[in-house]
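Here is start_6.cif, consisting of mmCIF, C-alpha atoms:
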data_final
loop_
_atom_site.label_atom_id
_atom_site.label_comp_id
_atom_site.auth_asym_id
_atom_site.auth_seq_id
_atom_site.Cartn_x
_atom_site.Cartn_y
_atom_site.Cartn_z
CA MET X 312 0.04 -14.02 82.18
CA ALA X 313 2.22 -12.43 79.57
CA ALA X 314 0.60 -10.56 76.72
CA ARG X 315 0.54 -12.14 73.25
CA GLY X 316 3.69 -11.43 71.33
CA ARG X 317 5.46 -9.94 74.40
CA PRO X 318 8.47 -11.69 76.02
CA ALA X 319 7.84 -13.06 79.51
CA GLY X 320 9.07 -10.99 82.41
CA ARG X 321 8.45 -7.58 80.77
CA PRO X 322 6.80 -5.10 83.22
CA GLU X 323 3.42 -3.53 82.50
CA LEU X 324 3.72 -0.26 80.45
CA SER X 325 1.37 2.56 79.66
CA ALA X 326 -0.56 2.60 76.37
CA LYS X 327 1.62 5.28 74.68
CA THR X 328 4.82 3.58 75.88
CA GLU X 329 3.49 0.24 74.72
CA GLN X 330 2.71 1.69 71.22
CA ALA X 331 6.09 3.35 70.93
CA LEU X 332 7.84 0.17 72.07
CA THR X 333 5.83 -1.87 69.58
CA ILE X 334 6.86 0.44 66.72
CA SER X 335 10.49 0.29 67.87
CA GLU X 336 10.40 -3.48 68.01
CA MET X 337 8.89 -3.56 64.55
CA LEU X 338 11.65 -1.35 63.17
CA MET X 339 14.35 -3.42 64.91
CA GLY X 340 12.90 -6.69 63.63
CA ALA X 341 12.45 -8.15 67.07
CA ILE X 342 8.91 -9.35 66.39
CA GLU X 343 8.60 -12.06 63.76
CA SER X 344 4.93 -12.93 63.94
CA PRO X 345 2.90 -12.75 60.67
CA GLU X 346 0.60 -10.08 62.12
CA HIS X 347 3.51 -7.79 62.95
CA GLU X 348 5.20 -8.50 59.61
CA LEU X 349 2.03 -7.35 57.85
CA THR X 350 1.94 -4.23 60.08
CA LEU X 351 5.60 -3.50 59.27
CA ASN X 352 4.98 -3.82 55.53
CA THR X 353 1.99 -1.51 55.76
CA PHE X 354 3.99 0.97 57.75
CA SER X 355 6.81 0.92 55.20
CA ALA X 356 4.41 1.38 52.24
CA GLU X 357 2.65 4.27 53.96
CA THR X 358 5.97 5.85 54.84
CA ALA X 359 7.22 5.54 51.25
CA LYS X 360 3.94 6.95 49.96
CA ARG X 361 4.18 9.97 52.27
CA ALA X 362 7.79 10.50 51.29
CA ARG X 363 6.85 10.35 47.61
CA GLY X 364 4.03 12.80 48.24
CA ARG X 365 6.44 15.23 49.92
CA ARG X 366 8.82 14.96 46.97
CA LEU X 367 6.06 15.53 44.44
CA SER X 368 4.76 18.53 46.37
CA THR X 369 8.15 20.21 45.87
CA VAL X 370 8.04 20.03 42.07
CA GLN X 371 8.86 23.44 40.60
CA ASN X 372 8.67 22.86 36.85
CA MET X 373 8.36 20.22 34.16
CA THR X 374 11.98 19.17 34.52
CA ASP X 375 11.41 18.34 38.20
CA ALA X 376 8.14 16.60 37.32
CA PHE X 377 9.80 14.32 34.78
CA ALA X 378 12.71 13.66 37.14
CA GLN X 379 10.35 12.57 39.92
CA PHE X 380 9.03 9.86 37.61
CA GLY X 381 12.47 8.73 36.45
CA MET X 382 12.37 10.43 33.07
CA ASN X 383 13.90 13.38 31.31
CA GLN X 384 12.01 16.29 29.84
CA GLY X 385 11.51 15.62 26.16
CA ASP X 386 10.90 11.90 26.53
CA LYS X 387 7.96 10.67 24.49
CA ILE X 388 5.01 9.78 26.72
CA ASP X 389 1.59 8.79 25.51
CA ARG X 390 -1.50 10.75 26.46
CA ARG X 391 -2.52 8.33 29.21
CA GLY X 392 0.93 8.47 30.79
CA GLN X 393 0.83 12.27 30.78
CA ILE X 394 -2.60 12.29 32.41
CA LEU X 395 -1.54 9.83 35.12
CA MET X 396 1.59 11.88 35.83
CA TYR X 397 -0.42 15.10 35.99
CA ARG X 398 -3.12 13.66 38.24
CA GLU X 399 -0.51 12.26 40.64
CA LEU X 400 1.25 15.63 40.79
CA MET X 401 -1.98 17.56 41.24
CA LYS X 402 -3.11 15.18 43.97
CA ASN X 403 -0.03 15.91 46.08
CA LEU X 404 0.24 19.61 45.21
CA GLU X 405 -3.41 20.28 46.02
CA SER X 406 -3.06 18.30 49.27
CA SER X 407 -0.10 20.49 50.22
CA LEU X 408 -2.08 23.58 49.21
CA ARG X 409 -4.93 22.59 51.54
CA GLU X 410 -2.55 21.97 54.43
CA ILE X 411 -0.80 25.31 53.88
CA THR X 412 -4.15 27.09 53.63
CA ARG X 413 -5.37 25.53 56.88
CA ALA X 414 -2.13 26.62 58.53
CA GLY X 415 -2.73 30.21 57.39
CA MET X 416 0.51 30.38 55.37
CA TYR X 417 -1.00 32.47 52.57
CA ASP X 418 2.27 33.64 51.03
CA ALA X 419 3.34 30.04 50.53
CA ALA X 420 -0.18 29.23 49.32
CA ILE X 421 0.04 31.98 46.68
CA GLU X 422 3.40 30.66 45.50
CA LEU X 423 2.10 27.08 45.39
CA ARG X 424 -1.09 28.14 43.60
CA ASP X 425 0.92 29.92 40.92
CA ARG X 426 3.16 26.88 40.65
CA ILE X 427 0.12 24.62 40.17
CA ILE X 428 -1.20 26.94 37.45
CA ALA X 429 2.19 26.98 35.70
CA ILE X 430 2.52 23.19 35.86
CA THR X 431 -1.05 22.78 34.57
CA ASN X 432 -0.31 25.12 31.66
CA SER X 433 2.89 23.19 30.97
CA PHE X 434 1.02 19.89 30.87
CA GLU X 435 -1.64 21.40 28.62
CA GLN X 436 1.07 22.65 26.29
CA LEU X 437 2.68 19.21 26.46
CA GLN X 438 -0.56 17.65 25.27
CA LEU X 439 -0.78 20.15 22.43
CA ASP X 440 2.87 19.60 21.50
CA THR X 441 2.37 15.84 21.62
CA GLU X 442 -0.63 16.13 19.31
CA GLN X 443 1.29 18.40 16.95
CA GLY X 444 4.20 15.97 16.96
CA ARG X 445 1.87 13.09 16.21
CA GLN X 446 0.29 14.99 13.34
CA GLU X 447 3.71 15.91 11.96
CA GLN X 448 4.74 12.25 12.14
CA GLU X 449 1.54 11.27 10.34
CA ARG X 450 2.31 13.79 7.59
CA ARG X 451 5.84 12.44 7.24
CA ASN X 452 4.48 8.89 7.07
CA PHE X 453 1.96 10.01 4.45
CA LEU X 454 4.67 11.62 2.31
CA GLN X 455 6.87 8.54 2.64
CA ALA X 456 3.96 6.28 1.71
CA GLU X 457 3.14 8.56 -1.23
CA ARG X 458 6.70 8.36 -2.53
CA MET X 459 6.75 4.59 -2.11
CA ILE X 460 3.37 4.21 -3.82
CA LYS X 461 4.42 6.36 -6.77
CA THR X 462 7.68 4.47 -7.10
CA LYS X 463 5.92 1.10 -6.93
CA CYS X 464 3.28 2.26 -9.40
CA LYS X 465 5.96 3.46 -11.82
CA ASP X 466 7.97 0.25 -11.46
CA PHE X 467 4.84 -1.87 -11.83
CA TRP X 468 3.78 -0.29 -15.11
CA ALA X 469 7.37 -0.26 -16.40
CA GLU X 470 7.52 -4.00 -15.70
CA GLU X 471 4.15 -4.50 -17.40
CA ARG X 472 5.38 -2.54 -20.43
CA THR X 473 8.52 -4.68 -20.54
CA LYS X 474 6.39 -7.83 -20.47
CA LEU X 475 4.16 -6.46 -23.22
CA ASP X 476 7.16 -5.55 -25.41
CA TYR X 477 8.54 -9.05 -24.90
CA LEU X 478 5.24 -10.60 -25.96
CA HIS X 479 5.15 -8.32 -28.99
CA ARG X 480 8.66 -9.36 -30.01
CA LEU X 481 7.67 -13.01 -29.68
CA SER X 482 4.54 -12.37 -31.71
CA LYS X 483 6.48 -10.62 -34.48
CA ALA X 484 9.11 -13.35 -34.55
CA ASP X 485 6.42 -16.03 -34.71
CA LEU X 486 4.67 -14.21 -37.56
CA ARG X 487 7.93 -13.84 -39.51
CA LYS X 488 8.64 -17.53 -39.04
CA SER X 489 5.13 -18.45 -40.17
CA HIS X 490 5.46 -16.30 -43.28
CA ARG X 491 8.84 -17.78 -44.13
CA VAL X 492 7.42 -21.29 -43.86
CA GLN X 493 4.50 -20.31 -46.08
CA ARG X 494 6.84 -19.01 -48.78
CA GLU X 495 8.99 -22.10 -48.58
CA GLN X 496 5.92 -24.31 -48.87
CA LEU X 497 4.77 -22.37 -51.94
CA GLU X 498 8.14 -22.71 -53.65
CA THR X 499 8.24 -26.41 -52.82
CA GLU X 500 4.74 -26.84 -54.21
CA ILE X 501 5.75 -25.01 -57.40
CA GLU X 502 8.81 -27.22 -57.82
CA ILE X 503 7.02 -30.51 -57.34
CA THR X 504 3.97 -29.56 -59.39
CA PRO X 505 4.42 -30.79 -63.00
CA LYS X 506 4.41 -28.16 -65.68
CA PRO X 507 1.12 -28.17 -67.59
CA ILE X 508 1.09 -29.31 -71.21
CA ILE X 509 0.93 -26.48 -73.71
CA LYS X 510 -2.10 -26.31 -75.91
CA TYR X 511 -1.25 -24.88 -79.35
CA SER X 512 -3.64 -22.91 -81.39
CA THR X 513 -5.61 -24.30 -84.38
CA ALA X 514 -3.33 -22.51 -86.80
CA VAL X 515 -0.24 -24.31 -85.48
CA LEU X 516 -2.04 -27.64 -85.57
CA ASN X 517 -3.22 -26.99 -89.14
CA TRP X 518 0.27 -26.12 -90.26
CA ARG X 519 1.59 -29.33 -88.65
CA ASN X 520 -1.08 -31.40 -90.41
CA ALA X 521 -0.28 -29.68 -93.69
CA GLU X 522 3.41 -30.46 -93.17
CA ARG X 523 2.67 -34.15 -92.60
CA ASN X 524 0.39 -34.29 -95.63
CA LEU X 525 2.96 -32.61 -97.86
CA CYS X 526 5.59 -35.05 -96.65
CA LYS X 527 3.30 -37.93 -97.58
CA ALA X 528 2.87 -36.41 -101.00
CA GLN X 529 6.66 -35.97 -101.24
CA ARG X 530 6.26 -32.27 -101.75
CA PHE X 531 9.25 -31.52 -99.57
CA GLU X 532 9.88 -28.01 -100.87
CA GLU X 533 6.42 -26.87 -99.77
CA ALA X 534 6.68 -28.93 -96.58
CA LYS X 535 9.88 -27.08 -95.74
CA GLU X 536 8.17 -23.71 -96.02
CA VAL X 537 5.19 -24.91 -94.00
CA LYS X 538 7.51 -26.25 -91.29
CA LYS X 539 9.20 -22.87 -91.03
CA ARG X 540 5.90 -21.15 -90.50
CA ALA X 541 4.74 -23.83 -88.02
CA ASP X 542 8.00 -23.59 -86.03
CA PHE X 543 7.72 -19.82 -85.96
CA LEU X 544 4.17 -19.95 -84.60
CA ASP X 545 5.20 -22.74 -82.20
CA ASP X 546 7.99 -20.58 -80.76
CA VAL X 547 5.68 -17.61 -80.43
CA GLU X 548 2.97 -19.60 -78.66
CA THR X 549 5.54 -21.44 -76.46
CA LYS X 550 7.02 -18.15 -75.34
CA GLU X 551 3.54 -16.80 -74.66
CA PHE X 552 2.70 -19.93 -72.66
CA GLU X 553 5.92 -19.66 -70.65
CA LYS X 554 5.20 -16.02 -70.03
CA LYS X 555 1.66 -16.71 -68.83
CA TYR X 556 2.79 -19.64 -66.68
CA ALA X 557 5.50 -17.53 -65.07
CA ALA X 558 2.94 -14.77 -64.51
CA LYS X 559 0.64 -17.31 -62.87
CA LEU X 560 3.37 -18.44 -60.50
CA GLN X 561 4.24 -14.85 -59.76
CA ARG X 562 0.59 -14.12 -59.01
CA GLN X 563 0.61 -16.95 -56.49
CA ARG X 564 3.69 -15.45 -54.84
CA ASP X 565 2.19 -11.98 -54.97
CA ASP X 566 -1.10 -13.21 -53.52
CA LEU X 567 0.76 -14.88 -50.68
CA LEU X 568 2.80 -11.73 -50.05
CA HIS X 569 -0.39 -9.67 -50.12
CA LEU X 570 -2.03 -11.93 -47.55
CA GLN X 571 1.10 -11.80 -45.43
CA ALA X 572 1.14 -8.01 -45.68
CA ILE X 573 -2.47 -7.93 -44.49
CA GLU X 574 -1.56 -10.17 -41.55
CA GLN X 575 1.39 -7.95 -40.73
CA ARG X 576 -0.82 -4.87 -40.83
CA LYS X 577 -3.39 -6.54 -38.58
CA ARG X 578 -0.62 -7.62 -36.23
CA ARG X 579 0.72 -4.07 -36.10
CA GLU X 580 -2.78 -2.79 -35.38
CA LEU X 581 -3.18 -5.38 -32.64
CA ILE X 582 0.16 -4.40 -31.13
CA LYS X 583 -0.78 -0.73 -31.34
CA HIS X 584 -4.12 -1.55 -29.68
CA HIS X 585 -2.30 -3.31 -26.84
CA GLU X 586 0.08 -0.38 -26.46
CA TRP X 587 -2.71 2.17 -26.30
CA LYS X 588 -4.67 -0.04 -23.93
CA MET X 589 -1.60 -0.24 -21.70
CA LYS X 590 -1.14 3.52 -21.92
CA ARG X 591 -4.77 4.20 -21.03
CA ALA X 592 -4.59 1.76 -18.12
CA THR X 593 -1.36 3.38 -16.93
CA ASP X 594 -2.77 6.90 -17.18
CA HIS X 595 -6.01 5.85 -15.50
CA ASP X 596 -4.19 4.16 -12.62
CA LYS X 597 -1.90 7.16 -12.15
CA LYS X 598 -4.87 9.54 -12.27
CA ILE X 599 -6.86 7.50 -9.74
CA THR X 600 -3.77 7.27 -7.55
CA ARG X 601 -3.32 11.06 -7.65
CA TRP X 602 -7.00 11.62 -6.85
CA ARG X 603 -6.98 9.17 -3.96
CA MET X 604 -3.74 10.56 -2.56
CA ARG X 605 -5.17 14.07 -2.73
CA ASN X 606 -8.48 13.05 -1.15
CA ASN X 607 -6.79 11.06 1.62
CA ASN X 608 -4.42 13.95 2.29
CA ARG X 609 -7.30 16.41 2.50
CA ASP X 610 -9.23 14.04 4.75
CA MET X 611 -6.23 13.62 7.06
CA ALA X 612 -5.56 17.38 7.12
CA HIS X 613 -9.21 18.06 8.01
CA PHE X 614 -9.14 15.61 10.92
CA HIS X 615 -5.79 17.02 12.07
CA HIS X 616 -7.34 20.47 12.10
CA MET X 617 -10.31 19.22 14.11
CA ASP X 618 -7.99 17.39 16.53
CA GLY X 619 -5.98 20.59 16.92
CA LEU X 620 -9.12 22.41 18.06
CA ARG X 621 -9.64 20.01 20.95
CA LYS X 622 -8.81 21.49 24.33
CA PRO X 623 -6.40 19.65 26.62
CA ASP X 624 -8.18 17.05 28.72
CA PHE X 625 -6.89 15.28 31.83
CA SER X 626 -9.64 12.69 32.10
CA ILE X 627 -8.53 9.08 31.83
CA LYS X 628 -11.98 8.07 30.57
CA PRO X 629 -13.12 10.89 28.26
CA VAL X 630 -16.78 11.52 27.57
CA LEU X 631 -16.27 10.71 23.88
CA PRO X 632 -13.78 7.85 23.83
CA GLU X 633 -11.91 6.86 20.69
CA ARG X 634 -13.69 4.12 18.77
CA ALA X 635 -12.24 0.63 18.70
CA ASN X 636 -10.97 0.63 15.10
CA ALA X 637 -9.66 4.19 15.08
CA GLN X 638 -6.04 3.06 14.82
CA ARG X 639 -6.84 0.93 11.74
CA THR X 640 -9.36 3.10 9.91
CA GLY X 641 -9.25 6.58 11.47
CA SER X 642 -8.52 9.41 9.04
CA THR X 643 -6.31 11.14 11.60
CA HIS X 644 -3.98 8.10 11.41
CA LYS X 645 -4.05 7.99 7.61
CA GLY X 646 -0.27 8.38 7.26
CA THR X 647 0.54 5.38 9.45
CA ILE X 648 -2.24 3.31 7.87
CA MET X 649 -0.97 3.96 4.36
CA LEU X 650 2.66 3.39 5.30
CA ASP X 651 1.80 0.06 6.95
CA ALA X 652 -0.19 -0.97 3.89
CA VAL X 653 2.69 -0.08 1.55
CA ALA X 654 5.20 -1.84 3.79
CA THR X 655 3.25 -5.08 3.40
CA GLY X 656 3.65 -4.91 -0.38
CA ARG X 657 0.46 -3.13 -1.35
CA GLN X 658 0.88 -0.50 -4.03
CA ALA X 659 -2.66 0.72 -4.70
CA VAL X 660 -4.17 3.58 -2.69
CA ALA X 661 -7.38 2.78 -0.87
CA GLY X 662 -10.37 5.07 -1.27
CA LEU X 663 -11.85 7.06 1.56
CA CYS X 664 -14.60 4.52 2.25
CA SER X 665 -12.90 1.28 1.23
CA LEU X 666 -11.49 0.71 4.73
CA HIS X 667 -14.98 0.44 6.21
CA ASP X 668 -17.29 -2.50 5.72
CA PHE X 669 -20.74 -1.18 4.85
CA ASP X 670 -22.10 -4.53 3.70
CA ALA X 671 -24.96 -5.51 5.98
CA ALA X 672 -24.58 -9.16 5.02
CA ALA X 673 -21.01 -9.22 6.30
CA GLY X 674 -21.97 -8.27 9.82
CA PRO X 675 -24.14 -6.02 11.98
CA LYS X 676 -25.18 -2.60 10.81
CA LEU X 677 -23.18 0.45 11.67
CA SER X 678 -23.84 2.02 15.03
CA GLY X 679 -26.52 4.68 14.65
CA THR X 680 -27.94 3.32 11.40
CA THR X 681 -31.68 3.86 11.17
CA THR X 682 -33.92 2.07 8.69
CA TYR X 683 -37.06 3.85 7.56
CA ALA X 684 -40.01 2.03 5.98
CA TRP X 685 -42.97 3.53 4.21
CA GLY X 686 -46.25 1.87 3.41
#

Just give me the structure of the file as structure tokens.
Amino acid sequence: MAARGRPAGRPELSAKTEQALTISEMLMGAIESPEHELTLNTFSAETAKRARGRRLSTVQNMTDAFAQFGMNQGDKIDRRGQILMYRELMKNLESSLREITRAGMYDAAIELRDRIIAITNSFEQLQLDTEQGRQEQERRNFLQAERMIKTKCKDFWAEERTKLDYLHRLSKADLRKSHRVQREQLETEIEITPKPIIKYSTAVLNWRNAERNLCKAQRFEEAKEVKKRADFLDDVETKEFEKKYAAKLQRQRDDLLHLQAIEQRKRRELIKHHEWKMKRATDHDKKITRWRMRNNNRDMAHFHHMDGLRKPDFSIKPVLPERANAQRTGSTHKGTIMLDAVATGRQAVAGLCSLHDFDAAAGPKLSGTTTYAWG
């Protein structure tokens, strides 16, 4: 009975010959069963893995290391990518070192050990350079955000001042129009108001009565003299009445002008109040912006200094992992956070603690918060 998977008529072979023939048949594609296809795929993957391991064990420097992973030295790689690359290299280099050591090839082991140390130092320096590059980028983003914030703040208050000046011009024009209408109404009222009847003095009335009585008595010579005196007094009192009436009208005009002058002064004071209020608001906003920019910059510089003190680490899962919201609220990423906020149209600078939600009603308490109670 023929063996499974073996063509009929094939003679019995030894175990080693059978294994070698099986491998040859697998390589030639003569066997098409699913079991042998799976064996062939496993064989190919293992072969490729060993070939990759041999190539990685020959890495001499960082240029070779990057080339083995299809990159060029100087390409930007995140920290996790660097760690995975380093661990893969170290896995193959240390495996080669163990094999060489077991073979007693100590000269080659010394050379490989020194190469491992050099590559490790290069990867450590790469982590430091990457961190320095990230910090430099954060500082550039912070400066760019600062320039944009200052420009937006300046444009905002210039626009507000323009709006305020426009409102002031409208207010002045409206007040001038109101005053002009008031003067016109006063003149119209003066024109349509009938002139009051003059009231002569007793002396004028007595002279007029004397004139009429003399005329009745036909004493025309004396009546003529009395009439002259009465007309003279009449003219004097008429002129005095006209003078007083004109003074009265002028007082009405002057009183209106005085009231209008008071309104104009109050309007100027109100405008000056608005201008000073705008100036104080502008100065306060600029001062707060400068303080917040300075505090955020100091905060970012402090965290950059602390990050620079961290030693290179090749652990994929560090002991102290980065918190979940570090990219959104972390001070070490302050430049990117501010630049993203400004890019979305925001012009105000957030305070150091405004990014964090400390309100217990809005959610759970902060991790590590302890509540003490006495009583």

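Proximity to Phe625 (chain X) was assessed for X:Glu580, X:Glu457, X:Glu435, X:Asp546 counting all atoms listed in the file; the smallest distance is recorded for X:Glu435.
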
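Distance annotation: of X:Gln446, X:Glu399, X:Thr640, X:Leu497, the residue with the minimal separation from His613 (chain X) is X:Gln446; atom set is only C-alpha atoms.
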
With distances taken over all atoms listed in the file, which residue among X:Leu439, X:Leu454, X:Ala652, X:Ala521 lies nearest Leu620 (chain X)? X:Leu439

Give as a ChimeraX atom specification the residues that the PyMOL selection byres ((chain X and resi 560-570) around 12) matches when applied to the coordinates above. /X:487,489-498,500-502,504,506,553-559,571-577

Take the PyMOL selection byres ((chain X and resi 443) around 12), apply it to the structure above, and return the hits as JSON, numbers by chain. {"X": [436, 437, 438, 439, 440, 441, 442, 444, 445, 446, 447, 448, 449, 450, 615, 616, 617, 618, 619, 620, 621, 643]}

Tell me which residues the PyMOL selection byres ((chain X and resi 398) around 12) grabs here, as a PDB file with C-alpha atoms, in the frame of the given file.
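Saved the output as expr_29.pdb:
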ATOM      1  CA  LEU X 367       6.060  15.530  44.440  1.00  0.00           C
ATOM      2  CA  ALA X 376       8.140  16.600  37.320  1.00  0.00           C
ATOM      3  CA  ARG X 391      -2.520   8.330  29.210  1.00  0.00           C
ATOM      4  CA  GLY X 392       0.930   8.470  30.790  1.00  0.00           C
ATOM      5  CA  GLN X 393       0.830  12.270  30.780  1.00  0.00           C
ATOM      6  CA  ILE X 394      -2.600  12.290  32.410  1.00  0.00           C
ATOM      7  CA  LEU X 395      -1.540   9.830  35.120  1.00  0.00           C
ATOM      8  CA  MET X 396       1.590  11.880  35.830  1.00  0.00           C
ATOM      9  CA  TYR X 397      -0.420  15.100  35.990  1.00  0.00           C
ATOM     10  CA  GLU X 399      -0.510  12.260  40.640  1.00  0.00           C
ATOM     11  CA  LEU X 400       1.250  15.630  40.790  1.00  0.00           C
ATOM     12  CA  MET X 401      -1.980  17.560  41.240  1.00  0.00           C
ATOM     13  CA  LYS X 402      -3.110  15.180  43.970  1.00  0.00           C
ATOM     14  CA  ASN X 403      -0.030  15.910  46.080  1.00  0.00           C
ATOM     15  CA  LEU X 404       0.240  19.610  45.210  1.00  0.00           C
ATOM     16  CA  GLU X 405      -3.410  20.280  46.020  1.00  0.00           C
ATOM     17  CA  SER X 406      -3.060  18.300  49.270  1.00  0.00           C
ATOM     18  CA  ILE X 427       0.120  24.620  40.170  1.00  0.00           C
ATOM     19  CA  ILE X 430       2.520  23.190  35.860  1.00  0.00           C
ATOM     20  CA  THR X 431      -1.050  22.780  34.570  1.00  0.00           C
ATOM     21  CA  PHE X 434       1.020  19.890  30.870  1.00  0.00           C
ATOM     22  CA  ASP X 624      -8.180  17.050  28.720  1.00  0.00           C
ATOM     23  CA  PHE X 625      -6.890  15.280  31.830  1.00  0.00           C
ATOM     24  CA  SER X 626      -9.640  12.690  32.100  1.00  0.00           C
ATOM     25  CA  ILE X 627      -8.530   9.080  31.830  1.00  0.00           C
TER      26      ILE X 627
END

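The coordinates place CA of Asn608 (chain X) at 15.9 Å from CA of Asp651 (chain X).
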
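One finds CA of Asp610 (chain X) at 28.0 Å from CA of Arg591 (chain X).
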